[in-house]
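> Next comes my_file_11.cif, mmCIF, C-alpha atoms, pLDDT in the B column; chains and numbers go by the auth columns:
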```cif
data_model
loop_
_atom_site.group_PDB
_atom_site.id
_atom_site.type_symbol
_atom_site.label_atom_id
_atom_site.label_comp_id
_atom_site.label_asym_id
_atom_site.label_seq_id
_atom_site.Cartn_x
_atom_site.Cartn_y
_atom_site.Cartn_z
_atom_site.B_iso_or_equiv
_atom_site.auth_seq_id
_atom_site.auth_asym_id
ATOM 1 C CA MET A 1 -13.826 14.454 -0.554 90.00 14 A
ATOM 2 C CA VAL A 2 -13.596 15.078 -4.314 94.00 15 A
ATOM 3 C CA TYR A 3 -9.775 15.247 -4.254 95.00 16 A
ATOM 4 C CA LEU A 4 -9.564 12.050 -2.226 95.00 17 A
ATOM 5 C CA ILE A 5 -11.846 10.149 -4.592 95.00 18 A
ATOM 6 C CA ALA A 6 -10.126 11.550 -7.708 95.00 19 A
ATOM 7 C CA GLY A 7 -6.715 10.628 -6.300 94.00 20 A
ATOM 8 C CA LEU A 8 -7.899 7.116 -5.463 95.00 21 A
ATOM 9 C CA ILE A 9 -9.445 6.560 -8.903 95.00 22 A
ATOM 10 C CA ILE A 10 -6.332 7.716 -10.758 94.00 23 A
ATOM 11 C CA PHE A 11 -3.797 6.039 -8.438 93.00 24 A
ATOM 12 C CA LEU A 12 -5.559 2.689 -8.176 94.00 25 A
ATOM 13 C CA GLY A 13 -6.593 2.859 -11.837 92.00 26 A
ATOM 14 C CA VAL A 14 -2.995 3.246 -12.987 90.00 27 A
ATOM 15 C CA HIS A 15 -1.961 0.408 -10.688 90.00 28 A
ATOM 16 C CA SER A 16 -4.733 -1.812 -12.079 90.00 29 A
ATOM 17 C CA VAL A 17 -3.706 -1.664 -15.746 88.00 30 A
ATOM 18 C CA ARG A 18 -1.752 -4.923 -15.496 81.00 31 A
ATOM 19 C CA VAL A 19 -4.853 -6.661 -14.089 83.00 32 A
ATOM 20 C CA VAL A 20 -7.604 -5.172 -16.275 85.00 33 A
ATOM 21 C CA ALA A 21 -5.772 -4.403 -19.529 84.00 34 A
ATOM 22 C CA PRO A 22 -2.534 -6.391 -19.787 79.00 35 A
ATOM 23 C CA GLY A 23 -2.642 -6.404 -23.600 82.00 36 A
ATOM 24 C CA TRP A 24 -3.014 -2.624 -23.751 83.00 37 A
ATOM 25 C CA ARG A 25 -0.178 -2.253 -21.215 82.00 38 A
ATOM 26 C CA ASP A 26 2.148 -4.451 -23.305 83.00 39 A
ATOM 27 C CA MET A 27 1.185 -2.568 -26.480 85.00 40 A
ATOM 28 C CA ALA A 28 1.838 0.823 -24.821 84.00 41 A
ATOM 29 C CA LYS A 29 5.207 -0.336 -23.489 84.00 42 A
ATOM 30 C CA GLU A 30 6.175 -1.577 -26.956 85.00 43 A
ATOM 31 C CA LYS A 31 4.945 1.581 -28.712 86.00 44 A
ATOM 32 C CA PHE A 32 6.518 4.139 -26.363 86.00 45 A
ATOM 33 C CA GLY A 33 9.416 2.086 -25.003 88.00 46 A
ATOM 34 C CA ASP A 34 9.960 0.731 -21.518 84.00 47 A
ATOM 35 C CA ALA A 35 11.664 3.872 -20.179 88.00 48 A
ATOM 36 C CA ALA A 36 8.900 6.206 -21.403 86.00 49 A
ATOM 37 C CA TRP A 37 6.207 3.881 -20.028 83.00 50 A
ATOM 38 C CA LYS A 38 7.897 3.790 -16.620 86.00 51 A
ATOM 39 C CA GLY A 39 8.353 7.564 -16.676 90.00 52 A
ATOM 40 C CA ILE A 40 4.702 8.302 -17.463 88.00 53 A
ATOM 41 C CA TYR A 41 3.562 5.632 -14.995 87.00 54 A
ATOM 42 C CA SER A 42 5.750 7.121 -12.259 92.00 55 A
ATOM 43 C CA ILE A 43 4.638 10.717 -12.858 94.00 56 A
ATOM 44 C CA VAL A 44 0.947 9.778 -12.855 93.00 57 A
ATOM 45 C CA SER A 45 1.448 7.567 -9.772 92.00 58 A
ATOM 46 C CA ILE A 46 3.264 10.235 -7.765 94.00 59 A
ATOM 47 C CA GLY A 47 0.876 12.998 -8.816 95.00 60 A
ATOM 48 C CA SER A 48 -2.231 10.982 -7.992 95.00 61 A
ATOM 49 C CA PHE A 49 -0.748 9.826 -4.670 93.00 62 A
ATOM 50 C CA VAL A 50 -0.090 13.447 -3.691 93.00 63 A
ATOM 51 C CA LEU A 51 -3.678 14.284 -4.717 95.00 64 A
ATOM 52 C CA LEU A 52 -4.967 11.337 -2.672 93.00 65 A
ATOM 53 C CA ILE A 53 -3.027 12.399 0.460 90.00 66 A
ATOM 54 C CA TYR A 54 -4.077 16.025 0.021 91.00 67 A
ATOM 55 C CA GLY A 55 -7.687 14.950 -0.438 93.00 68 A
ATOM 56 C CA TYR A 56 -7.558 12.742 2.634 91.00 69 A
ATOM 57 C CA SER A 57 -6.020 15.498 4.772 88.00 70 A
ATOM 58 C CA LYS A 58 -8.817 17.855 3.728 90.00 71 A
ATOM 59 C CA ALA A 59 -11.677 15.324 3.993 91.00 72 A
ATOM 60 C CA ARG A 60 -10.768 13.589 7.267 88.00 73 A
ATOM 61 C CA PRO A 61 -11.352 16.439 9.753 87.00 74 A
ATOM 62 C CA GLU A 62 -14.889 16.967 8.439 90.00 75 A
ATOM 63 C CA ALA A 63 -15.726 13.312 7.716 92.00 76 A
ATOM 64 C CA ASP A 64 -18.702 11.813 9.521 94.00 77 A
ATOM 65 C CA LEU A 65 -18.068 8.952 11.908 94.00 78 A
ATOM 66 C CA ILE A 66 -19.900 5.964 10.435 95.00 79 A
ATOM 67 C CA TYR A 67 -18.894 3.404 13.062 94.00 80 A
ATOM 68 C CA GLN A 68 -17.015 3.309 16.334 92.00 81 A
ATOM 69 C CA PRO A 69 -13.358 2.310 15.917 89.00 82 A
ATOM 70 C CA ILE A 70 -12.497 -1.088 17.357 86.00 83 A
ATOM 71 C CA THR A 71 -9.966 0.302 19.818 81.00 84 A
ATOM 72 C CA ASN A 72 -9.664 -2.900 21.871 86.00 85 A
ATOM 73 C CA LEU A 73 -7.806 -4.331 18.842 86.00 86 A
ATOM 74 C CA TYR A 74 -5.131 -1.639 19.038 86.00 87 A
ATOM 75 C CA VAL A 75 -2.313 -4.036 19.916 90.00 88 A
ATOM 76 C CA THR A 76 -3.342 -6.367 17.091 92.00 89 A
ATOM 77 C CA ALA A 77 -3.471 -3.421 14.676 92.00 90 A
ATOM 78 C CA ALA A 78 -0.035 -2.234 15.850 92.00 91 A
ATOM 79 C CA VAL A 79 1.439 -5.701 15.221 94.00 92 A
ATOM 80 C CA MET A 80 -0.235 -5.837 11.790 96.00 93 A
ATOM 81 C CA LEU A 81 1.265 -2.453 10.883 95.00 94 A
ATOM 82 C CA ALA A 82 4.723 -3.506 12.061 96.00 95 A
ATOM 83 C CA LEU A 83 4.398 -6.632 9.905 97.00 96 A
ATOM 84 C CA ALA A 84 3.242 -4.469 6.984 97.00 97 A
ATOM 85 C CA PHE A 85 6.450 -2.437 7.258 97.00 98 A
ATOM 86 C CA VAL A 86 8.547 -5.628 7.306 97.00 99 A
ATOM 87 C CA LEU A 87 6.701 -6.960 4.249 97.00 100 A
ATOM 88 C CA THR A 88 7.164 -3.635 2.453 96.00 101 A
ATOM 89 C CA MET A 89 10.909 -3.811 3.079 96.00 102 A
ATOM 90 C CA ALA A 90 10.979 -7.450 1.929 95.00 103 A
ATOM 91 C CA SER A 91 9.251 -6.473 -1.319 94.00 104 A
ATOM 92 C CA ASN A 92 11.889 -3.830 -2.046 93.00 105 A
ATOM 93 C CA LEU A 93 15.032 -5.723 -1.079 92.00 106 A
ATOM 94 C CA GLY A 94 16.686 -8.648 -2.806 88.00 107 A
ATOM 95 C CA PRO A 95 15.365 -12.196 -2.563 93.00 108 A
ATOM 96 C CA GLY A 96 14.785 -13.527 0.923 93.00 109 A
ATOM 97 C CA HIS A 97 12.661 -16.187 2.580 93.00 110 A
ATOM 98 C CA ILE A 98 10.014 -13.629 3.578 93.00 111 A
ATOM 99 C CA LYS A 99 9.643 -12.510 -0.021 91.00 112 A
ATOM 100 C CA LEU A 100 9.661 -16.081 -1.330 89.00 113 A
ATOM 101 C CA LYS A 101 7.092 -17.445 1.150 90.00 114 A
ATOM 102 C CA SER A 102 4.717 -14.475 0.996 90.00 115 A
ATOM 103 C CA LYS A 103 4.904 -14.378 -2.839 88.00 116 A
ATOM 104 C CA HIS A 104 3.581 -10.800 -3.038 92.00 117 A
ATOM 105 C CA PRO A 105 4.700 -9.098 0.171 95.00 118 A
ATOM 106 C CA PHE A 106 3.731 -5.559 -0.793 96.00 119 A
ATOM 107 C CA LEU A 107 0.135 -6.507 -1.601 96.00 120 A
ATOM 108 C CA LEU A 108 -0.076 -8.359 1.720 97.00 121 A
ATOM 109 C CA ALA A 109 1.344 -5.259 3.446 97.00 122 A
ATOM 110 C CA ILE A 110 -1.373 -3.093 1.902 97.00 123 A
ATOM 111 C CA ILE A 111 -4.067 -5.541 3.033 97.00 124 A
ATOM 112 C CA LEU A 112 -2.715 -5.519 6.603 97.00 125 A
ATOM 113 C CA TRP A 113 -2.378 -1.714 6.556 96.00 126 A
ATOM 114 C CA SER A 114 -5.954 -1.348 5.303 97.00 127 A
ATOM 115 C CA ILE A 115 -7.489 -3.647 7.899 96.00 128 A
ATOM 116 C CA ALA A 116 -5.586 -1.981 10.754 95.00 129 A
ATOM 117 C CA HIS A 117 -6.698 1.478 9.617 93.00 130 A
ATOM 118 C CA LEU A 118 -10.303 0.353 9.209 94.00 131 A
ATOM 119 C CA TRP A 119 -10.266 -1.034 12.765 92.00 132 A
ATOM 120 C CA MET A 120 -8.752 2.089 14.291 92.00 133 A
ATOM 121 C CA ASN A 121 -10.754 4.702 12.347 91.00 134 A
ATOM 122 C CA GLY A 122 -14.464 4.817 11.673 92.00 135 A
ATOM 123 C CA ASP A 123 -14.667 8.067 9.707 94.00 136 A
ATOM 124 C CA LEU A 124 -15.955 8.138 6.138 96.00 137 A
ATOM 125 C CA ALA A 125 -12.682 9.443 4.629 94.00 138 A
ATOM 126 C CA THR A 126 -10.647 6.593 6.135 94.00 139 A
ATOM 127 C CA VAL A 127 -13.259 4.003 5.186 96.00 140 A
ATOM 128 C CA ILE A 128 -13.187 5.219 1.580 96.00 141 A
ATOM 129 C CA MET A 129 -9.383 5.336 1.423 96.00 142 A
ATOM 130 C CA ALA A 130 -8.461 2.190 3.382 96.00 143 A
ATOM 131 C CA GLY A 131 -11.442 0.261 2.005 97.00 144 A
ATOM 132 C CA SER A 132 -10.446 1.119 -1.570 97.00 145 A
ATOM 133 C CA PHE A 133 -6.867 0.013 -0.983 97.00 146 A
ATOM 134 C CA PHE A 134 -8.088 -3.200 0.663 98.00 147 A
ATOM 135 C CA LEU A 135 -10.320 -4.072 -2.304 96.00 148 A
ATOM 136 C CA TRP A 136 -7.643 -3.151 -4.840 95.00 149 A
ATOM 137 C CA ALA A 137 -4.898 -5.133 -3.078 96.00 150 A
ATOM 138 C CA THR A 138 -7.136 -8.180 -2.633 96.00 151 A
ATOM 139 C CA ILE A 139 -8.204 -8.217 -6.297 93.00 152 A
ATOM 140 C CA THR A 140 -4.634 -7.589 -7.479 92.00 153 A
ATOM 141 C CA LEU A 141 -3.286 -10.333 -5.201 93.00 154 A
ATOM 142 C CA MET A 142 -5.822 -12.852 -6.544 92.00 155 A
ATOM 143 C CA SER A 143 -4.838 -11.883 -10.094 89.00 156 A
ATOM 144 C CA ALA A 144 -1.115 -12.144 -9.313 87.00 157 A
ATOM 145 C CA LEU A 145 -1.523 -15.568 -7.734 86.00 158 A
ATOM 146 C CA ASN A 146 -3.202 -16.789 -10.938 84.00 159 A
ATOM 147 C CA ARG A 147 -0.328 -15.692 -13.181 82.00 160 A
ATOM 148 C CA PRO A 148 2.280 -18.264 -14.219 81.00 161 A
ATOM 149 C CA ALA A 149 5.023 -18.697 -11.635 77.00 162 A
ATOM 150 C CA VAL A 150 8.318 -16.975 -12.321 77.00 163 A
ATOM 151 C CA GLU A 151 11.591 -18.593 -11.338 79.00 164 A
ATOM 152 C CA LYS A 152 12.908 -16.891 -8.211 80.00 165 A
ATOM 153 C CA PRO A 153 16.569 -16.439 -7.302 83.00 166 A
ATOM 154 C CA GLU A 154 17.980 -18.203 -4.249 89.00 167 A
ATOM 155 C CA PRO A 155 16.800 -16.425 -1.062 88.00 168 A
ATOM 156 C CA LYS A 156 19.409 -14.839 1.197 92.00 169 A
ATOM 157 C CA VAL A 157 18.933 -14.687 4.972 93.00 170 A
ATOM 158 C CA LEU A 158 20.647 -11.273 5.036 94.00 171 A
ATOM 159 C CA ASN A 159 17.722 -9.838 3.046 93.00 172 A
ATOM 160 C CA ASP A 160 15.306 -11.228 5.649 94.00 173 A
ATOM 161 C CA ILE A 161 17.327 -9.711 8.498 96.00 174 A
ATOM 162 C CA LEU A 162 17.430 -6.354 6.698 96.00 175 A
ATOM 163 C CA SER A 163 13.676 -6.549 6.015 95.00 176 A
ATOM 164 C CA VAL A 164 12.901 -7.081 9.691 96.00 177 A
ATOM 165 C CA VAL A 165 15.378 -4.525 11.043 97.00 178 A
ATOM 166 C CA LEU A 166 14.618 -1.782 8.505 97.00 179 A
ATOM 167 C CA GLY A 167 10.884 -2.487 8.632 96.00 180 A
ATOM 168 C CA LEU A 168 10.802 -2.110 12.408 96.00 181 A
ATOM 169 C CA VAL A 169 13.021 0.989 12.313 96.00 182 A
ATOM 170 C CA PHE A 170 10.733 2.685 9.785 94.00 183 A
ATOM 171 C CA TYR A 171 7.674 1.584 11.758 94.00 184 A
ATOM 172 C CA GLY A 172 9.199 3.168 14.866 93.00 185 A
ATOM 173 C CA LEU A 173 9.934 6.394 12.962 92.00 186 A
ATOM 174 C CA PHE A 174 6.372 6.494 11.654 90.00 187 A
ATOM 175 C CA ILE A 175 4.895 6.041 15.125 89.00 188 A
ATOM 176 C CA TRP A 176 7.321 8.551 16.631 89.00 189 A
ATOM 177 C CA LYS A 177 7.064 11.457 14.143 86.00 190 A
ATOM 178 C CA LEU A 178 6.600 10.663 10.444 86.00 191 A
ATOM 179 C CA HIS A 179 2.888 9.776 10.548 84.00 192 A
ATOM 180 C CA GLU A 180 2.039 13.104 12.151 82.00 193 A
ATOM 181 C CA TYR A 181 4.400 15.028 9.851 80.00 194 A
ATOM 182 C CA LEU A 182 3.193 13.410 6.617 75.00 195 A
ATOM 183 C CA PHE A 183 -0.500 12.927 7.364 74.00 196 A
ATOM 184 C CA GLY A 184 -1.277 15.305 10.226 74.00 197 A
ATOM 185 C CA VAL A 185 -2.492 12.504 12.482 74.00 198 A
ATOM 186 C CA ILE A 186 -0.789 11.335 15.663 78.00 199 A
ATOM 187 C CA PRO A 187 -1.129 7.547 15.938 80.00 200 A
ATOM 188 C CA LYS A 188 -2.559 6.261 19.195 72.00 201 A
ATOM 189 C CA VAL A 189 0.322 4.575 20.996 60.00 202 A
#
```
Is it possible to express this structure as structure tokens?


Amino acid sequence: MVYLIAGLIIFLGVHSVRVVAPGWRDMAKEKFGDAAWKGIYSIVSIGSFVLLIYGYSKARPEADLIYQPITNLYVTAAVMLALAFVLTMASNLGPGHIKLKSKHPFLLAIILWSIAHLWMNGDLATVIMAGSFFLWATITLMSALNRPAVEKPEPKVLNDILSVVLGLVFYGLFIWKLHEYLFGVIPKV
């Protein structure tokens, strides 16, 4: 459980700098340069994410069950996860209506992912991991919504179509094989 918690603290801590210390972040970017900042940020993010996944894979098999999963919500959870994949694609593609209307699609995807995993798993490791991501994404979303609005480029329907198609394709791949390969857990289908 130590690796999981350490990975979560470092990963979510790095991703919280803009919320908790924006002045320090701007000063560091100015001092070291944008490229160096992004490089350090990326290395720490990837390293802590690997630590988090490793910690989860070690903690989950031995984690105590603290509540019974809400399995009668499986279909709802599956739809939420499919939507999370679509939102993730929308956040990474060019401007589209999905991205424009949702404002922060990746944070919404993390919230949906967290809730679905909390419903379907009642073990302590999942509660710590998914619960931490839920709290982080919710706090970060509230902070982002309070920032001044930035002018957005004109949305393109093609980006929405790509978000839906690619999101559903990746969701299908995750259900089929990737989830088991990456995380050692076969999703209930």

> Tell me which of A:Leu191, A:Ala49, A:Leu64, A:Val140 sits closest to Phe24 (chain A), counting all atoms listed in the file.

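Of the candidates, the smallest distance to Phe24 (chain A) is held by A:Leu64.
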
> Starting from the displayed file, determine the output of the PyMOL selection byres ((chain A and resi 80) around 12) and express the residue list as a list in words.

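With the shown file as input, the PyMOL selection byres ((chain A and resi 80) around 12) matches Ala76, Asp77, Leu78, Ile79, Gln81, Pro82, Ile83, Thr84, Leu131, Trp132, Met133, Asn134, Gly135, Asp136, Leu137, Thr139 and Val140 of chain A.
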
> With C-alpha atoms retained, write the just-selected residues as a JSON list (two decimals), in the coordinates of the input.


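Wrote it out as selection.json, contents follow:
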```json
[["chain", "number", "residue", "atom", "x", "y", "z"],
["A", 76, "ALA", "CA", -15.73, 13.31, 7.72],
["A", 77, "ASP", "CA", -18.70, 11.81, 9.52],
["A", 78, "LEU", "CA", -18.07, 8.95, 11.91],
["A", 79, "ILE", "CA", -19.90, 5.96, 10.44],
["A", 81, "GLN", "CA", -17.02, 3.31, 16.33],
["A", 82, "PRO", "CA", -13.36, 2.31, 15.92],
["A", 83, "ILE", "CA", -12.50, -1.09, 17.36],
["A", 84, "THR", "CA", -9.97, 0.30, 19.82],
["A", 131, "LEU", "CA", -10.30, 0.35, 9.21],
["A", 132, "TRP", "CA", -10.27, -1.03, 12.76],
["A", 133, "MET", "CA", -8.75, 2.09, 14.29],
["A", 134, "ASN", "CA", -10.75, 4.70, 12.35],
["A", 135, "GLY", "CA", -14.46, 4.82, 11.67],
["A", 136, "ASP", "CA", -14.67, 8.07, 9.71],
["A", 137, "LEU", "CA", -15.96, 8.14, 6.14],
["A", 139, "THR", "CA", -10.65, 6.59, 6.14],
["A", 140, "VAL", "CA", -13.26, 4.00, 5.19]]
```

> May I have the residues within 12 Å of Val30 (chain A) as a ChimeraX atom specification, using only C-alpha atoms and disregarding those fewer than 5 positions away in the same chain?

/A:23-25,35-42,54,149,153,156

> With C-alpha atoms retained, export the selected residues as an mmCIF file, in the frame of the given file.


```cif
data_model
loop_
_atom_site.group_PDB
_atom_site.id
_atom_site.type_symbol
_atom_site.label_atom_id
_atom_site.label_comp_id
_atom_site.auth_asym_id
_atom_site.auth_seq_id
_atom_site.Cartn_x
_atom_site.Cartn_y
_atom_site.Cartn_z
ATOM 1 C CA ILE A 23 -6.332 7.716 -10.758
ATOM 2 C CA PHE A 24 -3.797 6.039 -8.438
ATOM 3 C CA LEU A 25 -5.559 2.689 -8.176
ATOM 4 C CA PRO A 35 -2.534 -6.391 -19.787
ATOM 5 C CA GLY A 36 -2.642 -6.404 -23.600
ATOM 6 C CA TRP A 37 -3.014 -2.624 -23.751
ATOM 7 C CA ARG A 38 -0.178 -2.253 -21.215
ATOM 8 C CA ASP A 39 2.148 -4.451 -23.305
ATOM 9 C CA MET A 40 1.185 -2.568 -26.480
ATOM 10 C CA ALA A 41 1.838 0.823 -24.821
ATOM 11 C CA LYS A 42 5.207 -0.336 -23.489
ATOM 12 C CA TYR A 54 3.562 5.632 -14.995
ATOM 13 C CA TRP A 149 -7.643 -3.151 -4.840
ATOM 14 C CA THR A 153 -4.634 -7.589 -7.479
ATOM 15 C CA SER A 156 -4.838 -11.883 -10.094
#
```

> Translate the PyMOL selection byres ((chain A and resi 186-189) around 10) into a concrete residue list for this structure, as a list in words.

Ala91, Phe98, Gly180, Leu181, Val182, Phe183, Tyr184, Gly185, Lys190, Leu191, His192, Glu193, Tyr194, Leu195, Ile199, Pro200, Lys201 and Val202 of chain A

> Tell me which protein, DNA and RNA residues are within 9 Å of Val15 (chain A), counting all atoms listed in the file, leaving out same-chain ones fewer than 4 positions away, and put them as a ChimeraX atom specification.

/A:19-20,68,72

> Which one is closest to Val92 (chain A): A:Tyr16, A:Phe196, A:Trp126, A:Phe45? Count only C-alpha atoms.

A:Trp126

> Pick out the residues sitting within 8 Å of Ile123 (chain A), and hand them over as a list in words; count all atoms listed in the file, and ignore anything fewer than 6 positions along from it in its own chain.

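Neighbouring residues, sequence-local ones excluded: Ala97, Phe146, Phe147 and Ala150 of chain A.
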
> Going by the chain IDs and residue numbers used in this file, which residues fall under the PyMOL selection byres ((chain A and resi 102) around 8)? Write them as a list in words.

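On the file shown, the PyMOL selection byres ((chain A and resi 102) around 8) covers Phe98, Val99, Leu100, Thr101, Ala103, Ser104, Asn105, Leu106, Leu175, Ser176, Val177, Leu179 and Gly180 of chain A.
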
> Could you tell me how far CA of His28 (chain A) sits from CA of Ser58 (chain A), in Å to one decimal place?

8.0 Å

> Any idea what the distance is between CA of Asn85 (chain A) and CA of Val178 (chain A)?

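Between CA of Asn85 (chain A) and CA of Val178 (chain A) the gap is 27.3 Å.
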
> What's the separation between CA of Gly144 (chain A) and CA of Leu86 (chain A), in Å to one decimal place?

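Computing the Euclidean distance for CA of Gly144 (chain A) and CA of Leu86 (chain A) yields 17.8 Å.
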
> So, with all atoms listed in the file as the atoms that count, which of A:Leu21, A:Val163, A:Val198, A:Ile124 lies closest to Gly60 (chain A)?

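Comparing A:Leu21, A:Val163, A:Val198, A:Ile124 against Gly60 (chain A), the winner is A:Leu21.
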